[in-house]
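Text of query_19.cif, listed as mmCIF, C-alpha atoms and all ligand atoms:
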```cif
data_protein
loop_
_atom_site.label_atom_id
_atom_site.label_comp_id
_atom_site.auth_asym_id
_atom_site.auth_seq_id
_atom_site.Cartn_x
_atom_site.Cartn_y
_atom_site.Cartn_z
CA MET E 660 22.69 53.63 73.44
CA GLN E 661 19.00 54.20 74.06
CA THR E 662 17.29 57.57 73.58
CA THR E 663 15.23 59.06 76.42
CA THR E 664 11.92 58.05 74.83
CA PRO E 665 10.19 55.10 76.53
CA LEU E 666 10.55 52.90 73.44
CA ASP E 667 12.60 49.80 74.24
CA ILE E 668 14.86 49.92 71.20
CA ALA E 669 16.75 46.70 71.99
CA LYS E 670 13.45 44.86 72.10
CA ILE E 671 12.17 46.59 68.97
CA ARG E 672 15.34 45.56 67.12
CA GLU E 673 14.44 41.93 67.77
CA ASP E 674 11.28 42.47 65.73
CA PHE E 675 13.40 43.04 62.62
CA PRO E 676 15.12 39.79 61.54
CA ILE E 677 17.13 41.62 58.88
CA LEU E 678 19.02 43.56 61.56
CA ALA E 679 20.53 40.30 62.82
CA ARG E 680 21.86 39.18 59.43
CA PRO E 681 25.57 39.46 58.75
CA TYR E 682 26.33 42.44 56.55
CA LYS E 683 29.93 43.00 55.44
CA ASP E 684 30.89 41.03 58.55
CA ARG E 685 29.49 43.80 60.71
CA ARG E 686 26.34 44.89 62.48
CA LEU E 687 23.91 46.17 59.86
CA VAL E 688 23.33 49.86 60.45
CA TYR E 689 20.21 50.66 58.45
CA LEU E 690 19.81 54.39 58.03
CA ASP E 691 17.70 54.27 54.90
CA SER E 692 14.11 54.00 56.08
CA ALA E 693 13.16 56.98 53.92
CA VAL E 694 13.86 54.85 50.86
CA SER E 695 12.02 51.85 52.29
CA GLY E 696 11.15 50.86 55.83
CA LEU E 697 12.36 47.50 57.09
CA MET E 698 9.57 44.99 57.67
CA PRO E 699 8.98 43.71 61.19
CA ARG E 700 8.52 39.99 61.70
CA ALA E 701 4.81 40.49 62.42
CA VAL E 702 4.28 41.80 58.88
CA ASN E 703 6.26 38.99 57.26
CA GLU E 704 4.39 36.42 59.31
CA ARG E 705 1.00 37.91 58.51
CA ILE E 706 1.74 37.82 54.80
CA ALA E 707 3.11 34.27 54.98
CA TYR E 708 0.03 33.11 56.93
CA TYR E 709 -2.29 34.65 54.37
CA GLN E 710 -0.35 33.09 51.48
CA ALA E 711 -0.27 29.68 53.17
CA PHE E 712 -3.79 29.39 54.60
CA GLU E 713 -6.15 32.11 53.40
CA HIS E 714 -5.24 32.92 49.85
CA THR E 715 -7.63 33.08 46.94
CA ASN E 716 -9.09 35.92 44.90
CA VAL E 717 -11.33 38.54 46.51
CA HIS E 718 -14.72 40.06 45.66
CA ARG E 719 -15.62 37.12 43.47
CA GLY E 720 -16.60 33.57 44.16
CA VAL E 721 -19.17 32.15 46.54
CA SER E 722 -16.79 29.95 48.51
CA GLN E 723 -16.12 30.47 52.17
CA LEU E 724 -12.43 30.73 51.27
CA SER E 725 -13.12 33.62 48.94
CA GLN E 726 -15.31 35.28 51.54
CA GLU E 727 -12.58 34.96 54.17
CA ALA E 728 -9.92 36.41 51.85
CA THR E 729 -12.30 39.27 51.03
CA ASP E 730 -12.94 39.91 54.72
CA ARG E 731 -9.20 40.03 55.51
CA PHE E 732 -8.61 42.34 52.53
CA GLU E 733 -11.41 44.69 53.55
CA GLU E 734 -10.29 44.65 57.19
CA ALA E 735 -6.94 45.97 55.97
CA ARG E 736 -8.76 48.80 54.18
CA GLU E 737 -10.55 49.59 57.42
CA LYS E 738 -7.18 49.76 59.20
CA VAL E 739 -5.99 52.33 56.68
CA ARG E 740 -9.22 54.28 57.07
CA SER E 741 -8.79 54.41 60.81
CA PHE E 742 -5.05 55.23 60.46
CA LEU E 743 -5.87 58.29 58.34
CA ASN E 744 -9.13 59.02 60.16
CA ALA E 745 -10.96 59.02 56.84
CA PRO E 746 -14.76 59.26 57.10
CA SER E 747 -15.43 56.05 55.13
CA ASN E 748 -13.48 53.07 53.81
CA LYS E 749 -15.12 53.76 50.45
CA GLN E 750 -12.65 56.66 50.30
CA ILE E 751 -9.59 54.39 50.62
CA ILE E 752 -8.36 53.14 47.25
CA TRP E 753 -5.62 50.57 46.91
CA THR E 754 -2.87 51.38 44.43
CA ARG E 755 0.68 50.16 43.88
CA GLY E 756 2.14 53.11 45.78
CA THR E 757 2.36 56.87 46.08
CA THR E 758 3.44 57.20 42.46
CA GLU E 759 0.47 55.27 41.14
CA SER E 760 -1.92 57.16 43.42
CA ILE E 761 -0.76 60.50 42.03
CA ASN E 762 -0.90 59.26 38.45
CA LEU E 763 -4.45 58.09 39.10
CA VAL E 764 -5.50 61.53 40.32
CA ALA E 765 -3.67 63.33 37.49
CA GLN E 766 -5.25 61.14 34.83
CA THR E 767 -8.79 61.19 36.19
CA TYR E 768 -9.44 64.30 38.26
CA GLY E 769 -6.69 66.12 36.37
CA ARG E 770 -8.02 65.30 32.92
CA GLN E 771 -11.50 66.34 34.00
CA HIS E 772 -10.45 69.70 35.39
CA VAL E 773 -7.21 70.84 33.73
CA HIS E 774 -7.55 72.47 30.32
CA ALA E 775 -5.50 74.71 28.04
CA GLY E 776 -4.17 77.75 29.88
CA ASP E 777 -4.88 76.29 33.34
CA GLU E 778 -2.26 76.04 36.06
CA ILE E 779 -1.09 73.31 38.43
CA LEU E 780 0.70 74.61 41.51
CA LEU E 781 3.40 72.44 43.12
CA SER E 782 5.97 73.07 45.81
CA ALA E 783 9.67 73.43 45.02
CA MET E 784 10.51 70.34 47.06
CA GLU E 785 8.36 67.71 45.35
CA HIS E 786 9.58 64.18 44.66
CA HIS E 787 9.47 63.41 40.92
CA SER E 788 6.34 61.37 41.72
CA ASN E 789 4.44 64.54 42.49
CA LEU E 790 5.87 66.44 39.57
CA VAL E 791 6.21 64.26 36.47
CA PRO E 792 2.56 63.04 36.40
CA TRP E 793 1.44 66.69 36.51
CA GLN E 794 3.96 67.69 33.87
CA LEU E 795 2.66 64.94 31.57
CA LEU E 796 -0.88 66.20 32.16
CA ALA E 797 0.15 69.82 31.60
CA GLU E 798 1.82 68.93 28.30
CA GLU E 799 -1.21 66.95 27.17
CA ARG E 800 -3.58 69.78 28.09
CA GLY E 801 -1.52 72.85 27.23
CA ALA E 802 -1.52 73.80 30.92
CA LYS E 803 1.33 75.23 32.97
CA LEU E 804 3.17 74.15 36.12
CA ARG E 805 3.81 76.86 38.69
CA VAL E 806 6.06 76.51 41.72
CA ILE E 807 5.87 77.59 45.36
CA PRO E 808 9.50 78.58 46.02
CA MET E 809 11.65 77.68 49.01
CA ASN E 810 14.51 79.31 50.87
CA ASP E 811 18.06 77.99 51.31
CA ALA E 812 17.10 76.31 54.58
CA GLY E 813 14.53 74.23 52.70
CA GLU E 814 11.36 75.98 53.93
CA LEU E 815 8.53 76.90 51.60
CA LEU E 816 8.08 80.64 51.06
CA LEU E 817 4.38 81.02 51.65
CA ASP E 818 4.01 84.80 52.02
CA ASN E 819 2.88 85.14 48.42
CA LEU E 820 0.86 81.94 48.20
CA GLU E 821 -2.37 83.82 47.40
CA GLU E 822 -0.67 85.43 44.40
CA LEU E 823 0.55 82.06 43.14
CA ILE E 824 -2.98 80.67 43.38
CA THR E 825 -4.67 82.35 40.43
CA GLU E 826 -8.11 81.91 38.94
CA ARG E 827 -6.47 79.40 36.54
CA THR E 828 -5.11 77.16 39.30
CA ARG E 829 -6.90 73.81 39.16
CA ILE E 830 -5.00 71.84 41.82
CA LEU E 831 -2.16 72.31 44.31
CA GLY E 832 0.20 69.43 45.10
CA VAL E 833 2.49 69.48 48.13
CA THR E 834 4.52 67.00 50.10
CA GLN E 835 3.90 66.89 53.85
CA VAL E 836 7.52 65.92 54.54
CA SER E 837 10.39 66.41 52.08
CA ASN E 838 12.31 63.20 51.36
CA VAL E 839 15.52 65.19 50.77
CA LEU E 840 15.39 67.94 53.37
CA GLY E 841 13.21 66.43 56.06
CA THR E 842 11.15 69.64 56.11
CA ILE E 843 7.67 69.26 57.59
CA ASN E 844 5.45 71.56 55.57
CA PRO E 845 2.46 73.32 57.16
CA VAL E 846 0.01 71.47 54.95
CA LYS E 847 -3.04 72.27 57.05
CA GLU E 848 -2.41 75.98 56.58
CA ILE E 849 -1.62 75.54 52.87
CA ILE E 850 -4.85 73.60 52.37
CA ALA E 851 -6.93 76.24 54.19
CA ARG E 852 -5.41 79.03 52.09
CA ALA E 853 -5.89 77.08 48.85
CA HIS E 854 -9.49 76.27 49.76
CA ALA E 855 -10.14 79.94 50.48
CA LYS E 856 -9.43 80.44 46.79
CA GLY E 857 -11.43 77.38 45.74
CA VAL E 858 -8.45 75.18 44.88
CA PRO E 859 -8.23 71.50 45.95
CA VAL E 860 -5.02 70.09 47.41
CA LEU E 861 -3.27 66.75 46.99
CA VAL E 862 -0.90 65.92 49.84
CA ASP E 863 1.99 63.52 49.26
CA GLY E 864 2.24 61.71 52.58
CA ALA E 865 4.93 59.18 51.56
CA GLN E 866 7.46 60.51 54.08
CA ALA E 867 4.94 61.76 56.62
CA VAL E 868 3.03 58.62 57.60
CA PRO E 869 6.05 56.91 59.20
CA HIS E 870 6.68 59.94 61.43
CA MET E 871 3.41 61.51 62.51
CA VAL E 872 -0.25 60.98 63.19
CA VAL E 873 -2.20 61.98 60.08
CA ASP E 874 -5.83 63.02 60.18
CA VAL E 875 -7.13 63.72 56.68
CA GLN E 876 -10.34 65.30 58.03
CA ASP E 877 -8.44 67.66 60.29
CA LEU E 878 -6.12 68.56 57.40
CA ASP E 879 -9.16 68.86 55.13
CA ALA E 880 -7.03 67.29 52.35
CA ASP E 881 -8.79 66.64 49.06
CA PHE E 882 -6.42 63.79 48.25
CA TYR E 883 -3.84 62.12 50.47
CA VAL E 884 -1.43 59.47 49.16
CA PHE E 885 1.22 57.18 50.60
CA SER E 886 3.13 53.92 50.01
CA GLY E 887 3.02 50.81 52.18
CA HIS E 888 6.75 50.13 52.04
CA LYS E 889 7.69 53.45 53.68
CA LEU E 890 5.51 52.44 56.63
CA MET E 891 7.25 49.08 57.20
CA GLY E 892 4.73 47.32 54.99
CA PRO E 893 5.45 45.46 51.76
CA THR E 894 6.19 46.96 48.36
CA GLY E 895 3.51 46.92 45.67
CA ILE E 896 0.80 48.50 47.80
CA GLY E 897 -0.18 52.12 48.26
CA VAL E 898 -3.14 54.23 49.20
CA LEU E 899 -5.16 57.01 47.68
CA TYR E 900 -7.58 58.79 50.00
CA GLY E 901 -9.97 61.20 48.36
CA LYS E 902 -12.92 63.32 49.40
CA LYS E 903 -16.20 61.64 48.53
CA GLU E 904 -17.41 64.35 46.18
CA HIS E 905 -14.20 64.10 44.11
CA LEU E 906 -14.12 60.30 43.98
CA ASP E 907 -17.81 60.12 43.03
CA ALA E 908 -17.31 62.57 40.18
CA MET E 909 -14.04 61.15 38.86
CA PRO E 910 -14.13 58.76 35.88
CA PRO E 911 -12.56 55.30 36.23
CA TRP E 912 -8.85 55.13 35.52
CA GLN E 913 -8.19 51.59 34.33
CA GLY E 914 -10.91 49.32 33.00
CA GLY E 915 -11.35 45.62 33.67
CA GLY E 916 -12.93 43.14 36.04
CA SER E 917 -14.26 43.99 39.49
CA MET E 918 -15.05 47.62 38.72
CA ILE E 919 -18.22 47.24 36.64
CA LEU E 920 -21.94 47.24 37.28
CA SER E 921 -22.87 45.94 33.83
CA VAL E 922 -21.05 45.38 30.56
CA SER E 923 -22.43 45.07 27.05
CA TRP E 924 -20.83 45.68 23.66
CA GLU E 925 -22.63 49.01 23.61
CA LYS E 926 -21.90 50.36 27.07
CA THR E 927 -20.33 49.64 30.45
CA THR E 928 -21.47 51.09 33.73
CA PHE E 929 -19.32 51.20 36.85
CA ILE E 930 -19.63 50.60 40.55
CA GLY E 931 -18.82 53.43 42.94
CA PRO E 932 -15.56 54.06 44.78
CA PRO E 933 -13.35 52.37 45.77
CA GLY E 934 -14.13 49.54 43.31
CA LYS E 935 -14.42 51.96 40.38
CA PHE E 936 -10.66 52.61 40.70
CA GLU E 937 -9.56 49.04 41.41
CA ALA E 938 -9.76 47.16 38.11
CA GLY E 939 -8.47 43.60 38.11
CA THR E 940 -7.14 41.40 40.89
CA PRO E 941 -5.74 43.67 43.59
CA PRO E 942 -2.53 43.18 45.61
CA ILE E 943 -4.28 41.18 48.34
CA ALA E 944 -1.36 39.87 50.41
CA GLN E 945 0.28 43.29 50.23
CA ALA E 946 -2.85 45.05 51.48
CA ILE E 947 -3.11 42.62 54.39
CA GLY E 948 0.62 43.15 55.05
CA LEU E 949 0.10 46.90 55.15
CA GLY E 950 -2.71 46.37 57.64
CA ALA E 951 -0.26 44.41 59.82
CA ALA E 952 2.32 47.21 59.49
CA ILE E 953 -0.27 49.73 60.69
CA ASP E 954 -1.00 47.48 63.68
CA TYR E 955 2.72 47.34 64.40
CA VAL E 956 3.42 51.09 64.33
CA ARG E 957 0.26 51.75 66.31
CA SER E 958 1.31 49.20 68.93
CA LEU E 959 4.53 51.18 69.44
CA GLY E 960 2.72 54.51 69.23
CA LEU E 961 3.31 57.00 66.43
CA ASP E 962 3.86 59.80 68.94
CA LEU E 963 6.66 57.83 70.59
CA ILE E 964 8.16 56.90 67.22
CA ALA E 965 8.11 60.59 66.25
CA ALA E 966 9.71 61.67 69.56
CA HIS E 967 12.41 59.02 69.20
CA GLY E 968 13.07 60.10 65.61
CA HIS E 969 13.37 63.74 66.63
CA GLU E 970 15.78 62.93 69.39
CA LEU E 971 17.99 60.89 67.06
CA LEU E 972 17.83 63.64 64.45
CA ASP E 973 18.93 66.27 66.98
CA TYR E 974 21.73 64.04 68.25
CA ALA E 975 22.91 63.18 64.72
CA THR E 976 22.69 66.78 63.51
CA ALA E 977 24.75 68.03 66.45
CA ARG E 978 27.36 65.31 65.92
CA VAL E 979 27.80 65.66 62.15
CA ARG E 980 27.94 69.45 62.41
CA GLN E 981 31.24 69.02 64.25
CA ILE E 982 32.79 67.31 61.24
CA PRO E 983 34.90 69.85 59.28
CA GLY E 984 33.83 70.20 55.65
CA LEU E 985 30.38 68.70 56.24
CA ARG E 986 27.34 70.78 55.41
CA VAL E 987 23.84 69.78 56.49
CA ILE E 988 21.32 70.19 53.65
CA GLY E 989 17.89 71.09 54.98
CA GLU E 990 17.84 73.31 58.05
CA ALA E 991 14.11 73.89 58.39
CA LYS E 992 12.77 74.63 61.86
CA GLU E 993 10.27 71.78 61.55
CA LYS E 994 11.96 68.57 60.45
CA ALA E 995 11.26 64.85 60.46
CA SER E 996 14.10 62.39 61.01
CA VAL E 997 15.83 62.80 57.66
CA LEU E 998 19.41 64.11 57.59
CA SER E 999 20.96 65.07 54.26
CA PHE E 1000 24.51 66.35 53.98
CA VAL E 1001 27.35 67.04 51.58
CA LEU E 1002 31.01 66.54 52.34
CA GLU E 1003 33.47 68.96 50.79
CA GLY E 1004 35.52 67.38 47.99
CA VAL E 1005 33.76 63.99 48.06
CA HIS E 1006 30.90 62.96 45.82
CA PRO E 1007 27.90 61.64 47.79
CA HIS E 1008 28.07 58.36 45.85
CA ASP E 1009 31.60 57.82 47.20
CA VAL E 1010 30.41 58.68 50.71
CA GLY E 1011 27.57 56.18 50.38
CA THR E 1012 29.82 53.46 48.95
CA ILE E 1013 32.43 53.79 51.69
CA LEU E 1014 29.77 53.87 54.40
CA ASP E 1015 28.36 50.69 52.89
CA TYR E 1016 31.77 48.98 53.28
CA GLU E 1017 31.39 49.82 56.95
CA GLY E 1018 27.96 48.19 57.09
CA ILE E 1019 26.08 51.50 57.10
CA VAL E 1020 23.26 51.74 54.58
CA VAL E 1021 22.34 55.28 53.53
CA ARG E 1022 21.00 56.78 50.32
CA ALA E 1023 23.18 58.86 48.02
CA GLY E 1024 22.02 60.70 44.95
CA HIS E 1025 19.45 63.24 43.86
CA HIS E 1026 16.68 61.35 45.71
CA CYS E 1027 14.26 61.66 42.77
CA ALA E 1028 14.17 65.40 43.41
CA GLN E 1029 16.39 66.95 40.76
CA PRO E 1030 14.71 70.39 40.96
CA VAL E 1031 15.63 70.48 44.68
CA MET E 1032 19.28 69.76 43.82
CA LYS E 1033 19.21 72.47 41.16
CA ARG E 1034 17.65 74.97 43.54
CA LEU E 1035 20.35 74.30 46.14
CA ASN E 1036 23.08 74.16 43.51
CA ILE E 1037 24.37 70.73 44.51
CA PRO E 1038 24.52 67.56 42.38
CA ALA E 1039 23.41 65.18 45.11
CA THR E 1040 23.44 64.53 48.85
CA THR E 1041 24.07 61.66 51.20
CA ARG E 1042 20.98 61.01 53.29
CA ALA E 1043 20.58 59.19 56.58
CA SER E 1044 17.06 58.55 57.82
CA PHE E 1045 16.02 57.18 61.18
CA ALA E 1046 13.31 54.79 62.33
CA CYS E 1047 12.08 53.21 65.55
CA PHE E 1048 14.82 50.53 65.55
CA ASN E 1049 17.73 52.98 65.25
CA ASP E 1050 19.67 54.10 68.29
CA ARG E 1051 22.53 56.40 69.15
CA ASP E 1052 25.02 53.62 68.36
CA ASP E 1053 23.80 53.79 64.76
CA VAL E 1054 24.43 57.54 64.70
CA ASP E 1055 27.88 57.08 66.24
CA ALA E 1056 28.66 54.47 63.58
CA LEU E 1057 27.58 56.97 60.92
CA VAL E 1058 29.86 59.66 62.34
CA GLU E 1059 32.82 57.27 62.51
CA GLY E 1060 32.07 56.16 58.96
CA ILE E 1061 32.08 59.74 57.71
CA LEU E 1062 35.38 60.36 59.48
CA LYS E 1063 36.78 57.31 57.66
CA VAL E 1064 35.57 58.74 54.34
CA LYS E 1065 37.43 61.94 55.15
CA GLU E 1066 40.56 59.99 56.00
CA ILE E 1067 40.44 58.12 52.67
CA PHE E 1068 39.89 61.30 50.69
CA GLY E 1069 42.55 63.19 52.65
N1 LIG E 1101 6.91 61.03 47.42
C1 LIG E 1101 7.90 61.09 48.31
C2 LIG E 1101 8.02 62.28 49.20
C3 LIG E 1101 8.82 60.05 48.40
O1 LIG E 1101 9.82 60.10 49.28
C4 LIG E 1101 8.67 58.93 47.54
C5 LIG E 1101 9.65 57.83 47.55
O2 LIG E 1101 10.79 58.00 47.93
C6 LIG E 1101 7.61 58.91 46.64
C7 LIG E 1101 6.75 59.98 46.61
C8 LIG E 1101 7.38 57.77 45.70
O3 LIG E 1101 7.00 56.63 46.40
P1 LIG E 1101 6.82 55.24 45.64
O4 LIG E 1101 8.09 55.02 44.86
O5 LIG E 1101 6.64 54.25 46.74
O6 LIG E 1101 5.65 55.36 44.74
#
```
Now that the file is in, can you turn its structure into structure tokens?
Amino acid sequence: MQTTTPLDIAKIREDFPILARPYKDRRLVYLDSAVSGLMPRAVNERIAYYQAFEHTNVHRGVSQLSQEATDRFEEAREKVRSFLNAPSNKQIIWTRGTTESINLVAQTYGRQHVHAGDEILLSAMEHHSNLVPWQLLAEERGAKLRVIPMNDAGELLLDNLEELITERTRILGVTQVSNVLGTINPVKEIIARAHAKGVPVLVDGAQAVPHMVVDVQDLDADFYVFSGHKLMGPTGIGVLYGKKEHLDAMPPWQGGGSMILSVSWEKTTFIGPPGKFEAGTPPIAQAIGLGAAIDYVRSLGLDLIAAHGHELLDYATARVRQIPGLRVIGEAKEKASVLSFVLEGVHPHDVGTILDYEGIVVRAGHHCAQPVMKRLNIPATTRASFACFNDRDDVDALVEGILKVKEIFG
């Protein structure tokens, strides 16, 4: 059944060939977009067209073919710039994904600014991607990680933020949307309060970009990162946005071709951003695919996608709450369409496996957020996440599937 948003879900479903494939002899119910978005046909076709007719290397070669490939590649960068409302496409750096973007910042900006005794402030609900790179840096530098705590509902406790930001804090890292709890964090406010104390902020937008309009200038984010595959683009491509003054001052990360001004045995000089951070042949088809994914979500309208997601989340939350023994994990007031739960007496892996027999794909586990599990005193959760192609039938199938799990486990 359709939601009340004007999106034509039946028509949208036709854009996703994978939804029509047989899966366990049933209709595929894909409730795992938080792990990776499905790719619409338009993205697949754009990548295939590039591979078939436009492909060669970029930013090198005098051929028309090379120039065309470079143009398509740079047009994709411009699409990302416009998507994030970044001031310049020189501030959009291609990476392999969110994880690589954060490692890049930790190993360049971080190494420049974090020294013995310094502090890195992270929120209690970070994905390992926005924790482990900082921990590695902290260990290397003799610095310390500090944590913004959260309550049992999965909301950050921000009353004492100014006390957590000390004169030793060198950077604050926070996710805009939690991949486990669905919490939408007030990143604009966090950034303003961090800036008031002179501390830059990196925002992990991996789970935010599929659900909301992001404006890095309005947020005033110092760094903003996301992955193409969470936005219905291909894997192997991600984005790092950075403020100009940071990117200009940061040293290169990896060395190689395409990022140099001049090389001699004595000394190498480098071009400016973004090239300075893009050594070697970049993921060209993937970047162009991400550009096509941005076109696709924009053609539907991110506001409508967000409204549809909220409606499905509300419907799903109300329905699963009626299931005895089920506890929703993540009850923040502001949530994106991510629904985690635990079922009394059944391990989430068993829930996920049985749902899969029923053709329902969800994620089960610690979701690369072990500190969140520890904080909430649970080993894992089962997580359903909703996208523009999901409808109420998918939620109903989930509820029936959970009831079947309960039947099996008595
Ligand atoms: N940050 C968040 C909030 C995520 O949900 C994920 C992936 O699930 C990541 C970072 C890591 O993304 P990737 O594996 O694409 O680098």
Please identify all protein, DNA and RNA residues within 8 Å of ligand LIG 1101 (chain E), counting all atoms listed in the file, and report them as a PyMOL selection string.
chain E and resi 693-695+755-760+785-789+834-839+863-866+885-889+894+897+1026-1027
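If you look at CA of Leu831 (chain E) and CA of Leu781 (chain E), they are 5.7 Å away from each other.
Going from CA of Asn762 (chain E) to CA of Trp793 (chain E) covers 8.0 Å.
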Give me, as a ChimeraX atom specification, all polymer residues having an atom no more than 6 Å from region 941-945 of chain E, counting only C-alpha atoms and skipping those fewer than 4 positions away in the same chain.
/E:706,893,896
Using all atoms listed in the file, which of the listed residues (E:Tyr768, E:Phe1000, E:Phe1068, E:Trp753) sits closest to Lys902 (chain E)?
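Going through E:Tyr768, E:Phe1000, E:Phe1068, E:Trp753 one by one, the smallest distance to Lys902 (chain E) is for E:Tyr768.
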To one decimal place, how far is CA of Thr940 (chain E) from CA of Asn716 (chain E) in Å?
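One can read the CA of Thr940 (chain E) to CA of Asn716 (chain E) distance as 7.1 Å.
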Go ahead and find all residues with at least one atom no further than 8 Å from (26.0, 59.8, 44.7) in the file's coordinates, using only C-alpha atoms; report them as a PDB file with C-alpha atoms, in the frame of the given file.
```pdb
ATOM      1  CA  HIS E1006      30.900  62.960  45.820  1.00  0.00           C
ATOM      2  CA  PRO E1007      27.900  61.640  47.790  1.00  0.00           C
ATOM      3  CA  HIS E1008      28.070  58.360  45.850  1.00  0.00           C
ATOM      4  CA  ASP E1009      31.600  57.820  47.200  1.00  0.00           C
ATOM      5  CA  VAL E1010      30.410  58.680  50.710  1.00  0.00           C
ATOM      6  CA  GLY E1011      27.570  56.180  50.380  1.00  0.00           C
ATOM      7  CA  ALA E1023      23.180  58.860  48.020  1.00  0.00           C
ATOM      8  CA  GLY E1024      22.020  60.700  44.950  1.00  0.00           C
ATOM      9  CA  HIS E1025      19.450  63.240  43.860  1.00  0.00           C
ATOM     10  CA  ALA E1039      23.410  65.180  45.110  1.00  0.00           C
ATOM     11  CA  THR E1040      23.440  64.530  48.850  1.00  0.00           C
ATOM     12  CA  THR E1041      24.070  61.660  51.200  1.00  0.00           C
TER      13      THR E1041
END
```
Region 947-961 of chain E environment, 7 Å, all atoms listed in the file, sequence neighbours closer than 6 positions dropped, as a ChimeraX atom specification:
/E:701-702,705-706,731-732,735,738-739,870-872,887,890-893
Near Leu920 (chain E), counting only C-alpha atoms, which residues have an atom at most 9 Å away, once you skip same-chain residues fewer than 4 positions from it, shown as a list in words?
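The neighbour list is Thr927, Thr928, Phe929, Ile930 and Gly931 of chain E.
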Quick one: of E:Lys670, E:His774, E:Lys749, E:Arg685, who's nearest to Gly934 (chain E), counting all atoms listed in the file?
E:Lys749
Please determine the residues with any atom at most 12 Å from (-9.4, 48.9, 35.7) (coordinates as given in the file, with all atoms listed in the file counting) and report them as JSON, numbers by chain.
{"E": [753, 754, 763, 910, 911, 912, 913, 914, 915, 916, 917, 918, 919, 929, 930, 933, 934, 935, 936, 937, 938, 939, 940, 941]}
If I wrap all listed atoms of region 782-793 of chain E in a box with edges along x, y and z and add 3 Å on each side, what are its centre and edge lengths in Å to one decimal, as lines of an AutoDock Vina configuration file?
```
center_x = 6.0
center_y = 67.4
center_z = 41.7
size_x = 15.1
size_y = 18.1
size_z = 16.7
```
Option closest in space to Val833 (chain E), from E:Ser782, E:Gln876, E:Ser923, E:Ser725 [counting all atoms listed in the file]
E:Ser782
Surrounding residues of Thr825 (chain E) excluding itself and chain neighbours under 2 positions, 12 Å, all atoms listed in the file, as number ranges by chain
E: 776-780, 803, 805, 819-823, 827-831, 853, 855-858
Report as number ranges by chain all protein, DNA and RNA residues lying within 12 Å of His905 (chain E), evaluated on all atoms listed in the file, omitting residues in the same chain fewer than 2 positions from it.
E: 750, 764, 767-769, 771-772, 859-861, 880-882, 900-903, 907-911, 931-933
Store the residues picked out above, limited to C-alpha atoms, as a PDB file, keeping the file's coordinate frame.
```pdb
ATOM      1  CA  GLN E 750     -12.650  56.660  50.300  1.00  0.00           C
ATOM      2  CA  VAL E 764      -5.500  61.530  40.320  1.00  0.00           C
ATOM      3  CA  THR E 767      -8.790  61.190  36.190  1.00  0.00           C
ATOM      4  CA  TYR E 768      -9.440  64.300  38.260  1.00  0.00           C
ATOM      5  CA  GLY E 769      -6.690  66.120  36.370  1.00  0.00           C
ATOM      6  CA  GLN E 771     -11.500  66.340  34.000  1.00  0.00           C
ATOM      7  CA  HIS E 772     -10.450  69.700  35.390  1.00  0.00           C
ATOM      8  CA  PRO E 859      -8.230  71.500  45.950  1.00  0.00           C
ATOM      9  CA  VAL E 860      -5.020  70.090  47.410  1.00  0.00           C
ATOM     10  CA  LEU E 861      -3.270  66.750  46.990  1.00  0.00           C
ATOM     11  CA  ALA E 880      -7.030  67.290  52.350  1.00  0.00           C
ATOM     12  CA  ASP E 881      -8.790  66.640  49.060  1.00  0.00           C
ATOM     13  CA  PHE E 882      -6.420  63.790  48.250  1.00  0.00           C
ATOM     14  CA  TYR E 900      -7.580  58.790  50.000  1.00  0.00           C
ATOM     15  CA  GLY E 901      -9.970  61.200  48.360  1.00  0.00           C
ATOM     16  CA  LYS E 902     -12.920  63.320  49.400  1.00  0.00           C
ATOM     17  CA  LYS E 903     -16.200  61.640  48.530  1.00  0.00           C
ATOM     18  CA  ASP E 907     -17.810  60.120  43.030  1.00  0.00           C
ATOM     19  CA  ALA E 908     -17.310  62.570  40.180  1.00  0.00           C
ATOM     20  CA  MET E 909     -14.040  61.150  38.860  1.00  0.00           C
ATOM     21  CA  PRO E 910     -14.130  58.760  35.880  1.00  0.00           C
ATOM     22  CA  PRO E 911     -12.560  55.300  36.230  1.00  0.00           C
ATOM     23  CA  GLY E 931     -18.820  53.430  42.940  1.00  0.00           C
ATOM     24  CA  PRO E 932     -15.560  54.060  44.780  1.00  0.00           C
ATOM     25  CA  PRO E 933     -13.350  52.370  45.770  1.00  0.00           C
TER      26      PRO E 933
END
```
Produce a table with one row for each residue of region 812-832 of chain E that has an atom at most 12 Å from any atom of region 986-999 of chain E, each row naming the nearest atom pair and its distance in Å at one decimal; use only C-alpha atoms; arrange rows by chain and rising residue number; format as JSON lines.
```
{"residue": "E:Ala812", "atom": "CA", "partner": "E:Glu990", "partner_atom": "CA", "distance": 4.6}
{"residue": "E:Gly813", "atom": "CA", "partner": "E:Gly989", "partner_atom": "CA", "distance": 5.1}
{"residue": "E:Glu814", "atom": "CA", "partner": "E:Ala991", "partner_atom": "CA", "distance": 5.6}
{"residue": "E:Leu815", "atom": "CA", "partner": "E:Ala991", "partner_atom": "CA", "distance": 9.3}
{"residue": "E:Leu816", "atom": "CA", "partner": "E:Ala991", "partner_atom": "CA", "distance": 11.6}
```
Keeping C-alpha atoms for every residue in the selection just given, could you write it to a file as an mmCIF file, in the coordinates of the input?
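selection03.cif, freshly written:
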```cif
data_model
loop_
_atom_site.group_PDB
_atom_site.id
_atom_site.type_symbol
_atom_site.label_atom_id
_atom_site.label_comp_id
_atom_site.auth_asym_id
_atom_site.auth_seq_id
_atom_site.Cartn_x
_atom_site.Cartn_y
_atom_site.Cartn_z
ATOM 1 C CA ALA E 812 17.100 76.310 54.580
ATOM 2 C CA GLY E 813 14.530 74.230 52.700
ATOM 3 C CA GLU E 814 11.360 75.980 53.930
ATOM 4 C CA LEU E 815 8.530 76.900 51.600
ATOM 5 C CA LEU E 816 8.080 80.640 51.060
#
```
